Amino acid sequence: MIFVDVLSGGVSGGTSIMYAALGETVSERAGVINLGTEGCMLMGAFAGFAVTSMTGSPWLGMLAAAAAGGALALIHAILVVSRKANQFASGLSLLFLALGLTALYGSGYVGQKINAFDPIAIPGLSSIPIVGPIFFEQNILTYISYFVAPLMWFVIFRTRIGLMLRTAGERSEVLTVNGYSVVKVRYIAVVTGGIFAGIGGAYLSVAYSQSWFENMIIGRGFIAVALVVFAAWDPLKVIGGAYLFGSALALSPVLQANGYEINQFALDMLPFVLTLLLLVFLGKRAVNSSPAELRRVFDNARA
Amino acid sequence: MTTTVTPPDLSSSPDDGQSPFSQRAELVGRLTGRWVGAILIALVIFSILIMTRGANPLNVFSEAWANTIQSPFAMQQALVKAAPLILAALAVAIPARAGLVNVGGEGQLIIGAVAAAGVFQFTDGRVAGPVLIILMVIAGMVAGALWSGLAAFLRVTAEVNEAVSTLLLNFIALDLLLFLIYQPWKDPNGTGQPASPPLQDDAHLPLIGDTTVTIGIVIAVICAILVWVLLKFTRWGFKLAVAGGNPEAARRAGLPVNRLLMSSMLLGGSLAGLGGMIYYAGTEFQLRPGLLATIGYSAFLASWLVRHRPLLVVVSSVILAILIVSGDSLQIDSDLPAASINILTGLLLIAVLGWTASPWFKKKGSES
């Protein structure tokens with residue numbers, strides 16, 4: 001049963017990382033890495049919670065979260081696409097901005113209760129042993145995410161829009177030659193990334209923990225960025241990675257709930273250690289398949 | 001060894017004054033203008049934001065001025081925080097010369113403090129203060145270097161991007177700290193939030209005069225000067241700039257690029273580790289949750305603010321430290337959350353990153 005609990009927690013906890021990582025995949029496919037994903041998630045988590053609290057509608061909350069995440073990412077796009085600022089430095093500046101903004105406006109929302117997305121068991125499917133409790137006793141946002149990743153894969157690899165996106169990241173001059181604007185494609189990609197990160201953040205505050213507190217993302221955005229790398233910029237591989245981290249995050253609460261005396265912080269390390277290990281073992285192969293223009297960003301000094 | 005390669009970056013570097021004086025003066029003027037503009041815009045946006053929360057920006061700024069800039073105690077606090085900030089910012093600046101992005105200042109500071117506390121834990125008061133201080137310095141520096149060195153090693157062997165790995169190592173260091181103080185190193189006599197046992201009195205770093213400022217800030221400034229000399233006047237610094245400017249050319253000229261990358265990260269990490277030790281043995285004396293409270297991330301911004309020039313890093317670090325301390329004034333005097341000050345930090349950085357790049361920096365600074 002612990003096994004099922006961990007995996008079910010992994011799916012519900014991993015969904016937030018999945019949304020963010022899918023968004024970051026779009027952004028990086030266009031050649032822009034956004035370390036501010038952490039900040040976009042934070043903005044989304046706050047905006048989603050605040051608007052849900054004000055309007056009573058979690059759906060409006062999600063809309064606000066998407067807008068907030070996208071708005072922060074827009075600043076990143078302006079800085080790195082138009083102003084050619086360093087992508088890593090810009091991303092971290094955005095994180096600071098988000099930390100400050102959400103602290104300033106969020107203080108009144110700490111400890112509030114909202115009309116949140118609760119888990120809904122899907123009749124029939126949820127009674128399948130093992131698979132049922134893991135995948136079909138989740139909230140609506142998780143169910144939506146089951147469709148988002150394959151859809152995104154289809155858009156990126158099978159449509160004209162996806163082709164333009166990938167060209168912006170692989171050989172941007174081809175877009176220019178054919179009369180398209182690289183700048184426009186990158187702006188759209190980065191903002192799309194922020195929108196998804198915002199949704200991922202709001203998933204945490206409106207569905208998962210159903211509360212708001214300062215700096216509540218605690219590294220999930222950075223994990224999402226790392227996840228994109230070893231998922232080799234493929235939305236389908238992002239799914240597995242996200243659930244893996246979700247499970248690593250779920251391990252500690254599940255073990256504690258089952259009466260194991262463990263030091264929580266040793267287990268909190270797990271997702272980060274795991275990410276690092278996966279980067280080491282899958283990293284080299286993944287990096288070789290990275291979008292060429294992104295590789296230029298990564299390889300300031302080619303080692 | 002002899003090398004005939006001219007590094008592209010040094011020719012455009014601001015330090016060697018190849019441009020005629022008048023041109024230089026004009027550039028300085030234009031840059032100063034942009035800087036003032038950037039700071040003003042950041043302040044205006046920040047004012048508007050806090051106004052929407054019902055605070056009067058003029059009051060907020062005058063309170064912050066009175067209780068930070070004009071308060072000797074607050075300024076001393078800023079200098080205390082500036083010491084680890086400068087050292088961690090140097091840990092960003094040195095690898096940046098080689099084109100590496102070290103976002104791991106936070107983790108390297110934490111691990112330095114943990115190592116220092118570990119030495120005390122291990123010796124358990126059986127060692128005299130001065131000896132313990134030396135041991136803690138060594139432990140802190142070695143630990144910091146290991147933490148950054150791991151990221152550098154993964155970069156040169158497995159092509160793991162160092163910006164991502166150093167970020168992940170920050171969280172691992174933080175969880176390690178929490179793990180230790182919640183269990184194995186928990187002070188049995190402590191009350192309230194868990195912390196490690198207090199450091200023995202005779203191992204506290206000395207204070208400057210009768211202030212609350214430790215010699216940490218002096219050490220940090222000396223380190224900044226040494227790093228400046230190292231980068232500007234030594235063969236190693238020159239090679240590092242070559243490797244950062246054009247690694248392919250550097251490799252063809254026979255420079256050991258991987259070794260240069262490793263050494264820059266190791267040196268940077270050891271300085272950040274020293275910063276953590278200084279903060280532990282000079283200010284906190286105990287490990288506790290929230291020990292460094294994002295000083296390491298501020299350090300990353302401090303280094304970027306001045307485009308990684310070691311002497312200016314001191315200035316930008318002190319400014320950011322003052323901002324951090326003034327956050328407390330926001331909380332106490334204006335009832336705004338202390339973390340709100342991060343808005344100003346973020347805006348300042350955005351303005352500087354986006355709108356103050358000069359022709360000097362074009363080659364290095366604007367490369368994404």
# chains A, B, ... in the order shown; residues from 1 in each chain; ligands from 1

call {"tool": "interface_residues", "arguments": {"of": "chain A", "to": "chain B", "cutoff": "6 Å", "atoms": "only C-alpha atoms", "output": "PyMOL selection string"}}
result
chain A and resi 79+83-87+93+96-97+100+103-104+265-266+269+272+280+284+297+300-301+303

call {"tool": "write_last_selection", "arguments": {"atoms": "C-alpha atoms", "output": "compact mmCIF listing (two decimals), in the first residue's frame"}}
result
# COMPACT_ATOMS: atom_id res chain seq x y z
CA LEU A 79 15.62 41.07 -21.60
CA ARG A 83 18.13 43.29 -25.03
CA LYS A 84 20.44 40.27 -25.39
CA ALA A 85 20.99 40.01 -21.63
CA ASN A 86 22.51 36.86 -20.15
CA GLN A 87 19.77 34.25 -19.84
CA SER A 93 16.57 38.45 -11.36
CA PHE A 96 13.90 37.86 -6.97
CA LEU A 97 11.20 40.05 -8.46
CA GLY A 100 9.32 40.24 -3.58
CA ALA A 103 5.62 38.56 -0.43
CA LEU A 104 4.30 42.12 -0.76
CA PHE A 265 15.25 16.50 5.47
CA ALA A 266 17.36 13.55 4.45
CA MET A 269 17.35 15.95 -0.57
CA PHE A 272 17.66 17.04 -6.03
CA VAL A 280 25.14 12.75 -15.01
CA LYS A 284 25.62 13.67 -22.12
CA VAL A 297 23.82 29.32 -24.33
CA ASN A 300 29.71 29.68 -22.70
CA ALA A 301 33.02 27.97 -22.30
CA ALA A 303 34.47 22.16 -21.79

call {"tool": "residues_around", "arguments": {"residues": "stretch 249-262 of chain A", "least_positions_apart": "6", "cutoff": "10 Å", "atoms": "only C-alpha atoms", "output": "tab-separated table (two decimals) with C-alpha atoms, in the first residue's frame"}}
result
chain	number	residue	atom	x	y	z
A	1	MET	CA	0.00	0.00	0.00
A	2	ILE	CA	2.88	2.37	0.75
A	3	PHE	CA	4.04	1.75	-2.79
A	4	VAL	CA	0.70	2.85	-4.19
A	5	ASP	CA	0.60	5.85	-1.87
A	6	VAL	CA	4.01	6.99	-3.01
A	7	LEU	CA	3.13	6.65	-6.68
A	8	SER	CA	-0.24	8.30	-6.26
A	9	GLY	CA	1.49	11.12	-4.38
A	10	GLY	CA	4.04	11.15	-7.15
A	11	VAL	CA	1.39	11.74	-9.77
A	12	SER	CA	-0.37	14.46	-7.82
A	13	GLY	CA	2.86	16.14	-6.69
A	14	GLY	CA	4.55	15.66	-10.04
A	220	ARG	CA	10.40	22.80	-7.99
A	243	TYR	CA	6.27	11.52	-11.80
A	268	ASP	CA	13.90	16.14	0.98
A	269	MET	CA	17.35	15.95	-0.57
A	270	LEU	CA	16.29	12.99	-2.66
A	271	PRO	CA	14.68	14.75	-5.65
A	272	PHE	CA	17.66	17.04	-6.03

call {"tool": "atom_distance", "arguments": {"atom1": "atom CA of A:Ser57", "atom2": "atom CA of A:Ile188"}}
result
27.6 Å

call {"tool": "select_by_dssp", "arguments": {"residues": "stretch 98-171 of chain A", "states": "alpha helix (DSSP H)", "output": "mmCIF file with C-alpha atoms, in the first residue's frame"}}
result
data_model
loop_
_atom_site.group_PDB
_atom_site.id
_atom_site.type_symbol
_atom_site.label_atom_id
_atom_site.label_comp_id
_atom_site.auth_asym_id
_atom_site.auth_seq_id
_atom_site.Cartn_x
_atom_site.Cartn_y
_atom_site.Cartn_z
ATOM 1 C CA ALA A 98 8.656 37.269 -7.990
ATOM 2 C CA LEU A 99 9.785 36.581 -4.414
ATOM 3 C CA GLY A 100 9.317 40.244 -3.580
ATOM 4 C CA LEU A 101 6.008 40.751 -5.392
ATOM 5 C CA THR A 102 4.376 37.671 -3.915
ATOM 6 C CA ALA A 103 5.617 38.557 -0.432
ATOM 7 C CA LEU A 104 4.297 42.115 -0.759
ATOM 8 C CA TYR A 105 0.843 41.148 -1.995
ATOM 9 C CA GLY A 106 0.592 37.710 -0.445
ATOM 10 C CA VAL A 131 -3.674 1.827 -11.403
ATOM 11 C CA GLY A 132 -7.001 3.246 -10.203
ATOM 12 C CA PRO A 133 -5.796 4.864 -6.991
ATOM 13 C CA ILE A 134 -2.607 6.080 -8.655
ATOM 14 C CA PHE A 135 -4.060 7.732 -11.745
ATOM 15 C CA ILE A 140 -9.213 17.812 -12.530
ATOM 16 C CA LEU A 141 -5.928 19.589 -13.313
ATOM 17 C CA THR A 142 -4.081 16.298 -13.159
ATOM 18 C CA TYR A 143 -6.601 14.703 -15.515
ATOM 19 C CA ILE A 144 -6.101 17.591 -17.929
ATOM 20 C CA SER A 145 -2.339 17.144 -17.716
ATOM 21 C CA TYR A 146 -2.719 13.557 -19.040
ATOM 22 C CA PHE A 147 -3.755 15.144 -22.335
ATOM 23 C CA VAL A 148 -1.514 18.187 -22.334
ATOM 24 C CA ALA A 149 1.810 16.383 -22.685
ATOM 25 C CA PRO A 150 0.860 14.229 -25.713
ATOM 26 C CA LEU A 151 -0.855 17.225 -27.276
ATOM 27 C CA MET A 152 2.269 19.284 -26.826
ATOM 28 C CA TRP A 153 4.368 16.528 -28.354
ATOM 29 C CA PHE A 154 2.056 16.550 -31.359
ATOM 30 C CA VAL A 155 2.217 20.316 -31.740
ATOM 31 C CA ILE A 156 6.001 20.437 -31.456
ATOM 32 C CA PHE A 157 6.797 17.545 -33.773
ATOM 33 C CA ARG A 158 3.861 17.288 -36.145
ATOM 34 C CA ARG A 160 3.786 23.842 -38.746
ATOM 35 C CA ILE A 161 3.884 25.912 -35.559
ATOM 36 C CA GLY A 162 6.080 23.278 -33.950
ATOM 37 C CA LEU A 163 8.399 23.316 -36.918
ATOM 38 C CA MET A 164 8.813 27.073 -36.609
ATOM 39 C CA LEU A 165 9.450 26.732 -32.897
ATOM 40 C CA ARG A 166 12.127 24.109 -33.424
ATOM 41 C CA THR A 167 13.714 26.071 -36.229
ATOM 42 C CA ALA A 168 14.040 29.083 -33.931
ATOM 43 C CA GLY A 169 16.041 26.875 -31.599
ATOM 44 C CA GLU A 170 18.053 24.951 -34.155
#

call {"tool": "residues_around", "arguments": {"residues": "A:Glu173", "least_positions_apart": "5", "cutoff": "12 Å", "atoms": "only C-alpha atoms", "output": "PyMOL selection string"}}
result
chain A and resi 164+167-168+178-183+293

call {"tool": "atom_distance", "arguments": {"atom1": "atom CA of B:Ala128", "atom2": "atom CA of B:Leu205"}}
result
13.3 Å

call {"tool": "residues_around", "arguments": {"residues": "B:Ala74", "least_positions_apart": "4", "cutoff": "12 Å", "atoms": "only C-alpha atoms", "output": "count of residues only"}}
result
23

call {"tool": "residues_around", "arguments": {"residues": "B:Thr283", "least_positions_apart": "6", "cutoff": "12 Å", "atoms": "only C-alpha atoms", "output": "list in words"}}
result
Gln76, Gln77, Ala78, Leu79, Val80, Lys81, Ala82, Ala83, Pro84, Ala113, Pro198, Leu199, Asp201, Ala203, His204, Leu205, Pro206, Leu207, Thr212, Val213, Thr214, Ile215, Gly216, Ile217, Gly275, Gly276, Met277, Leu291 and Leu292 of chain B

call {"tool": "write_last_selection", "arguments": {"atoms": "C-alpha atoms", "output": "mmCIF file, in the first residue's frame"}}
result
data_model
loop_
_atom_site.group_PDB
_atom_site.id
_atom_site.type_symbol
_atom_site.label_atom_id
_atom_site.label_comp_id
_atom_site.auth_asym_id
_atom_site.auth_seq_id
_atom_site.Cartn_x
_atom_site.Cartn_y
_atom_site.Cartn_z
ATOM 1 C CA GLN B 76 27.289 47.601 10.907
ATOM 2 C CA GLN B 77 24.748 44.860 10.255
ATOM 3 C CA ALA B 78 25.065 45.562 6.543
ATOM 4 C CA LEU B 79 28.855 45.201 6.730
ATOM 5 C CA VAL B 80 28.446 41.950 8.649
ATOM 6 C CA LYS B 81 26.233 40.591 5.861
ATOM 7 C CA ALA B 82 28.485 42.089 3.191
ATOM 8 C CA ALA B 83 31.400 39.818 4.170
ATOM 9 C CA PRO B 84 29.847 36.501 3.014
ATOM 10 C CA ALA B 113 29.338 27.035 7.533
ATOM 11 C CA PRO B 198 26.794 27.457 20.232
ATOM 12 C CA LEU B 199 30.425 27.823 19.200
ATOM 13 C CA ASP B 201 33.556 31.749 22.979
ATOM 14 C CA ALA B 203 36.746 30.736 18.722
ATOM 15 C CA HIS B 204 34.573 33.724 17.813
ATOM 16 C CA LEU B 205 36.119 35.914 15.150
ATOM 17 C CA PRO B 206 37.448 39.179 16.637
ATOM 18 C CA LEU B 207 35.450 42.381 16.247
ATOM 19 C CA THR B 212 29.628 44.724 16.067
ATOM 20 C CA VAL B 213 31.513 44.245 12.785
ATOM 21 C CA THR B 214 33.822 41.243 12.642
ATOM 22 C CA ILE B 215 37.121 41.131 10.810
ATOM 23 C CA GLY B 216 35.183 39.143 8.211
ATOM 24 C CA ILE B 217 34.626 42.242 6.091
ATOM 25 C CA GLY B 275 32.362 33.254 3.578
ATOM 26 C CA GLY B 276 30.130 30.640 5.187
ATOM 27 C CA MET B 277 32.718 29.959 7.875
ATOM 28 C CA LEU B 291 21.025 30.705 8.307
ATOM 29 C CA LEU B 292 22.026 32.478 5.127
#

call {"tool": "closest_residue", "arguments": {"among": "A:Gly200, A:Leu236, A:Val206, A:Ser90", "to": "A:Pro119", "atoms": "only C-alpha atoms"}}
result
A:Val206

call {"tool": "residues_around", "arguments": {"residues": "A:Ala231", "least_positions_apart": "6", "cutoff": "9 Å", "atoms": "only C-alpha atoms", "output": "list in words"}}
result
Lys237, Val238, Ile239, Gly240, Gly241, Leu282 and Ala286 of chain A

call {"tool": "closest_residue", "arguments": {"among": "B:Thr234, B:Asn189, B:Gln23, B:Ser317", "to": "B:Ala88", "atoms": "only C-alpha atoms"}}
result
B:Ser317

call {"tool": "atom_distance", "arguments": {"atom1": "atom CA of B:Ala89", "atom2": "atom CA of B:Ala299"}}
result
4.4 Å

call {"tool": "closest_residue", "arguments": {"among": "A:Ser107, A:Ser205, A:Thr15, A:Thr25", "to": "A:Thr192", "atoms": "only C-alpha atoms"}}
result
A:Thr25

call {"tool": "closest_residue", "arguments": {"among": "A:Leu204, A:Ala121, A:Lys184, A:Gly221", "to": "A:Glu38", "atoms": "only C-alpha atoms"}}
result
A:Gly221

call {"tool": "residues_around", "arguments": {"residues": "stretch 40-54 of chain A", "least_positions_apart": "4", "cutoff": "9 Å", "atoms": "only C-alpha atoms", "output": "count of residues only"}}
result
57

call {"tool": "closest_residue", "arguments": {"among": "A:Glu28, A:Ala21, A:Leu125, A:Leu274", "to": "A:Ala242", "atoms": "only C-alpha atoms"}}
result
A:Ala21
